[in-house]
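**Q** Quick one: structure below, then a few questions.
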Amino acid sequence: MTVEDTNICDLETANDLLDRLTLRQLHLMEEKMCRELNIESTINNGCFHLAKSRYIMGQTSVSKERLPTESSIEFSASTMCETVEEAGETKLKIVENDKDTVNPMHWFGILVPQNLHKARNIFQNALNFVVECANIQIQLLENFKNINVLRKYKHHLKSVE
Amino acid sequence: MTELSREIGEIWSRLFDHRPFLNGEIKFMLKEFEEKRGDREVENLFSILEDITEIKDTQVDKISRISTTGLPVLKEKLQQALDLTEIIDKDYKEIEKESEKKRLENKEKRKEEWDQFIDDMNFRCKRIDNTFEEKEEELRSLVDTNVRIYPSKILTDFLKTIPVSKEVPSNILNIIKDHNKPGRITNEVVDSNVIQLFDSDFETINKVKSSLQCNEVANKEESTDKNEETLSDDIKEKKILENTKLQYIEDVDKPYLTTIDLDWLYIYLKNKRTQEKSLPYLHELLEGAELKMPNNIIHKRNPDLEARCVKLRAQQEAREYRKMTKGVDNVRIHYPEDSIAYQMKQLNRHLIAIGQFLLSIFAGFLFGFRGVEWMVGNLDFGFRLLLGVMCALIIALAEIYFLAKKINEELSVPETVQLGGPVKFVNDTTYVKDNTKKAIEKEHQD
């Protein structure tokens with residue numbers, strides 16, 4: 001068993017790998033924060049446009065009552081998400097869905113101001129950012145698991161020596 | 001016989017003898033030409049001769065005298081006049097040239113000024129854009145997205161052994177020299193290729209995972225030993241954590257490191273390990289170091305804004321209350337719907353809306369009927385009618401939509417007169433008591 005273990009990797013490479021994994025963890029954390037900031041700013045932007053269109057169209061046209069409730073017809077979302085195995089890592093990917101969807105613009109009237117269209121585009125962008133964040137989160141968890149595994153391995157090697 | 005010959009002779013002389021006639025004519029001619037004329041011509045000639053001699057005697061001399069004196073003077077004067085006009089012409093040409101030059105110069109100057117003005121405007125626009133972006137940035141809650149790593153004692157001790165050189169990043173320099181300044185975010189660039197994980201690394205990790213799983217399955221009998229080992233490890237970790245807890249308290253302005261510094265440290269350690277074998281590894285040094293994430297800056301709401309919000313909310317609630325109690329209050333139930341002014345205004349509004357609707361439709365029909373014909377040329381009457389009706393129909397549909405929207409707005413018409421006193425009394429607590437009195441006052445003030 002010891003022979004096999006050292007064939008896989010010796011203490012030095014294990015340590016080096018651990019170093020790099022720790023650094024990668026820190027970098028991933030920073031990246032995740034950046035993406036979250038992106039989400040925040042896009043949602044801010046989108047809400048701003050929503051507020052503007054509410055100002056244009058009046059309080060009753062753009063309000064919570066226009067959203068579909070539980071008793072309305074069921075429809076499926078126009079943007080779906082699926083897990084994809086790419087290069088050994090699982091990732092989430094956005095997939096556009098065409099069947100059984102409802103155009104949310106119709107909830108607010110027929111002639112909607114441009115701001116509402118812009119808000120919709122911004123929120124769709126935000127979805128992309130959300131998926132990116134989720135991917136980074138997956139990577140973070142993976143990395144953490146890898147660190148733990150390597151540490152156990154290291155202790156195991158040390159105890160064997 | 002003789003009479004016959006006499007008469008024949010008479011006829012013959014009357015026919016062929018022209019002498020008397022001729023004589024008469026000759027006499028007349030002579031009389032006219034010679035006698036009447038008389039000396040007329042001769043007298044004319046004599047008078048001409050007289051005049052000429054007179055002129056010859058008196059006038060010719062005078063003429064020659066005067067001309068000899070006058071003509072050169074005239075010539076001089078004419079020459080002077082000519083010279084003057086030449087001078088004037090030259091001056092005029094020079095002035096024209098100068099003015100042309102000045103015009104060109106002014107044009108150049110104006111062009112320069114214009115360019116400068118445009119540049120200035122561009123610069124100002126850019127500045128405004130920049131300030132806008134800065135304000136937008138301020139709206140973001142985080143500016144600094146770097147993770148801060150407060151080093152543990154082990155790390156600081158090790159860092160102090162690093163020789164000071166130009167390549168050492170400034171945060172690490174801080175710690176080495178014990179400056180105790182708060183850390184900074186640096187923009188130093190570090191080669192990130194060294195730190196990347198490669199495919200071979202992932203393969204090793206997977207192999208290690210699988211081997212560990214085998215070990216766990218195979219060595220369940222040794223689990224007690226393992227538990228002891230892991231227990232000791234846990235105890236060690238707990239000790240480290242306790243040590244770091246003491247550091248939580250005073251960590252506001254301590255020097256910290258960023259990930260870039262750590263990257264640099266990793267590369268440094270890796271390079272140095274080729275010479276010395278016993279250098280500690282980075283992950284061992286980092287054990288117990290404290291990580292700090294940047295916090296959201298909490299902006300407090302501007303107190304002016306807060307006061308205004310409160311006031312507006314109170315106004316809104318007062319308005320809703322008045323709307324609610326409209327049907328109950330004895331005074332306001334008749335006002336304003338029952339006053340004639342209000343009804344007239346409403347009637348006018350509706351009539352105007354309908355008038356606009358009809359006018360638009362009519363104008364559309366006219367365009368299709370007449371306008372298209374004027375633009376294109378002669379068209380068939382039936383075709384023209386069809387065009388007119390189509391245009392009118394399209395316009396009618398659009399106008400109906402807008403009319404419907406307008407009538408929908410009418411249903412929620414805002415109050416035309418604010419009963420219950422002006423807005424500034426909204427915050428009064430005695431509002432309800434003085435209600436009716438104020439309403440009456442307001443009515444008469446109309």
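By order of appearance in the structure tokens: chains A, B, ..., then residues from 1 within every chain, and ligands from 1 in the order shown.
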Any idea what's packed within 10 Å of Trp107 of chain A, counting only C-alpha atoms, ignoring anything in its chain fewer than 6 positions away? Could you give it as a count of residues only?
**A** 6
**Q** Distance cut-off 8 Å, counting only C-alpha atoms - which residues of chain A neighbour chain B? Return them as a list in words.
**A**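 The contacting residues on chain A are Asp5, Ile8, Cys9, Asn15, Asp16, Leu17, Leu18, Asp19, Arg20, Leu21, Thr22, Leu23, Arg24, Leu26, His27, Met29, Glu30, Met33, Cys34, Leu37, Glu40, Ser41, Asn146, Val149, Leu150 and Tyr153 of chain A.
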**Q** With C-alpha atoms kept, could you save the residues just selected as a PDB file, in the first residue's frame?
**A**
ATOM      1  CA  ASP A   5       0.783   5.579  -2.506  1.00  0.00           C
ATOM      2  CA  ILE A   8       0.619   8.247  -6.987  1.00  0.00           C
ATOM      3  CA  CYS A   9       2.397  11.213  -5.551  1.00  0.00           C
ATOM      4  CA  ASN A  15       2.431  19.873  -0.492  1.00  0.00           C
ATOM      5  CA  ASP A  16       2.898  21.858  -3.624  1.00  0.00           C
ATOM      6  CA  LEU A  17      -0.553  20.874  -4.779  1.00  0.00           C
ATOM      7  CA  LEU A  18      -2.020  21.892  -1.459  1.00  0.00           C
ATOM      8  CA  ASP A  19      -0.400  25.298  -1.778  1.00  0.00           C
ATOM      9  CA  ARG A  20      -1.862  25.833  -5.151  1.00  0.00           C
ATOM     10  CA  LEU A  21      -5.275  24.635  -4.105  1.00  0.00           C
ATOM     11  CA  THR A  22      -5.327  27.099  -1.222  1.00  0.00           C
ATOM     12  CA  LEU A  23      -4.386  29.928  -3.511  1.00  0.00           C
ATOM     13  CA  ARG A  24      -7.047  28.851  -5.964  1.00  0.00           C
ATOM     14  CA  LEU A  26      -8.801  32.473  -2.386  1.00  0.00           C
ATOM     15  CA  HIS A  27      -8.934  33.532  -6.003  1.00  0.00           C
ATOM     16  CA  MET A  29     -13.661  33.626  -3.480  1.00  0.00           C
ATOM     17  CA  GLU A  30     -12.659  36.957  -4.942  1.00  0.00           C
ATOM     18  CA  MET A  33     -17.583  38.457  -5.011  1.00  0.00           C
ATOM     19  CA  CYS A  34     -17.017  40.230  -8.309  1.00  0.00           C
ATOM     20  CA  LEU A  37     -21.418  42.634  -7.513  1.00  0.00           C
ATOM     21  CA  GLU A  40     -26.280  43.510  -7.813  1.00  0.00           C
ATOM     22  CA  SER A  41     -25.590  46.295 -10.270  1.00  0.00           C
ATOM     23  CA  ASN A 146      -9.949  18.406  -2.869  1.00  0.00           C
ATOM     24  CA  VAL A 149      -8.682  14.917   0.588  1.00  0.00           C
ATOM     25  CA  LEU A 150      -5.115  16.002   0.057  1.00  0.00           C
ATOM     26  CA  TYR A 153      -3.536  11.933   2.261  1.00  0.00           C
TER      27      TYR A 153
END
**Q** Among segment 11-138 of chain A, which ones does DSSP assign to helix (DSSP H, G or I) (computed from the backbone)? Answer as number ranges by chain.
**A** A: 11-57, 64-66, 104-108, 114-138
**Q** Considering only C-alpha atoms, return as a list in words whatever protein or nucleic-acid residues lie within 6 Å of segment 113-118 of chain A, sequence-local ones (same chain, fewer than 3 positions apart) excluded.
**A**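 The filter keeps His49, Ser53 and Asn121 of chain A.
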**Q** Take the selection from the previous step and output its residues with C-alpha atoms, as an mmCIF file, in the first residue's frame.
**A**
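Generated output (again.cif):
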data_model
loop_
_atom_site.group_PDB
_atom_site.id
_atom_site.type_symbol
_atom_site.label_atom_id
_atom_site.label_comp_id
_atom_site.auth_asym_id
_atom_site.auth_seq_id
_atom_site.Cartn_x
_atom_site.Cartn_y
_atom_site.Cartn_z
ATOM 1 C CA HIS A 49 -35.966 50.868 -15.492
ATOM 2 C CA SER A 53 -41.867 52.497 -16.716
ATOM 3 C CA ASN A 121 -33.095 42.471 -21.226
#
**Q** Output as a list in words all residues of chain A that backbone DSSP marks as strand (DSSP E or B).
**A**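 Listing strand (DSSP E or B) positions across chain A yields Thr79, Met80, Cys81, Glu82, Thr83, Val84, Glu85, Glu86, Glu89, Thr90, Lys91, Leu92, Lys93, Ile94, Val95 and Glu96 of chain A.
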**Q** Give me the residues near Ala363 of chain B as an NGL selection string, where near means some atom within 10 Å (using only C-alpha atoms) and where sequence neighbours in that chain fewer than 6 positions away do not count.
**A** :B and (369 or 388 or 391-392 or 395)
**Q** Quick check, in Å to one decimal: how far apart do atom CA of Glu167 of chain B and atom CA of Tyr268 of chain B lie?
**A**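 Here the two named atoms are 10.0 Å from each other.
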**Q** Ranking B:Leu22, B:Ile95, B:Ala341, B:Ile172 by minimum distance to Asp261 of chain B and counting only C-alpha atoms, which one comes first?
**A**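 Among the listed residues, B:Ile172 lies closest to Asp261 of chain B.
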**Q** Counting only C-alpha atoms, which of A:Asn128, A:Thr69, A:Thr83, A:Leu28 gets nearest to Thr42 of chain A?
**A** A:Asn128
**Q** Calculated over only C-alpha atoms, which of the candidates A:Lys93, A:Lys64, A:Lys52, A:Arg151 has the smallest distance to Glu132 of chain A?
**A** A:Lys93
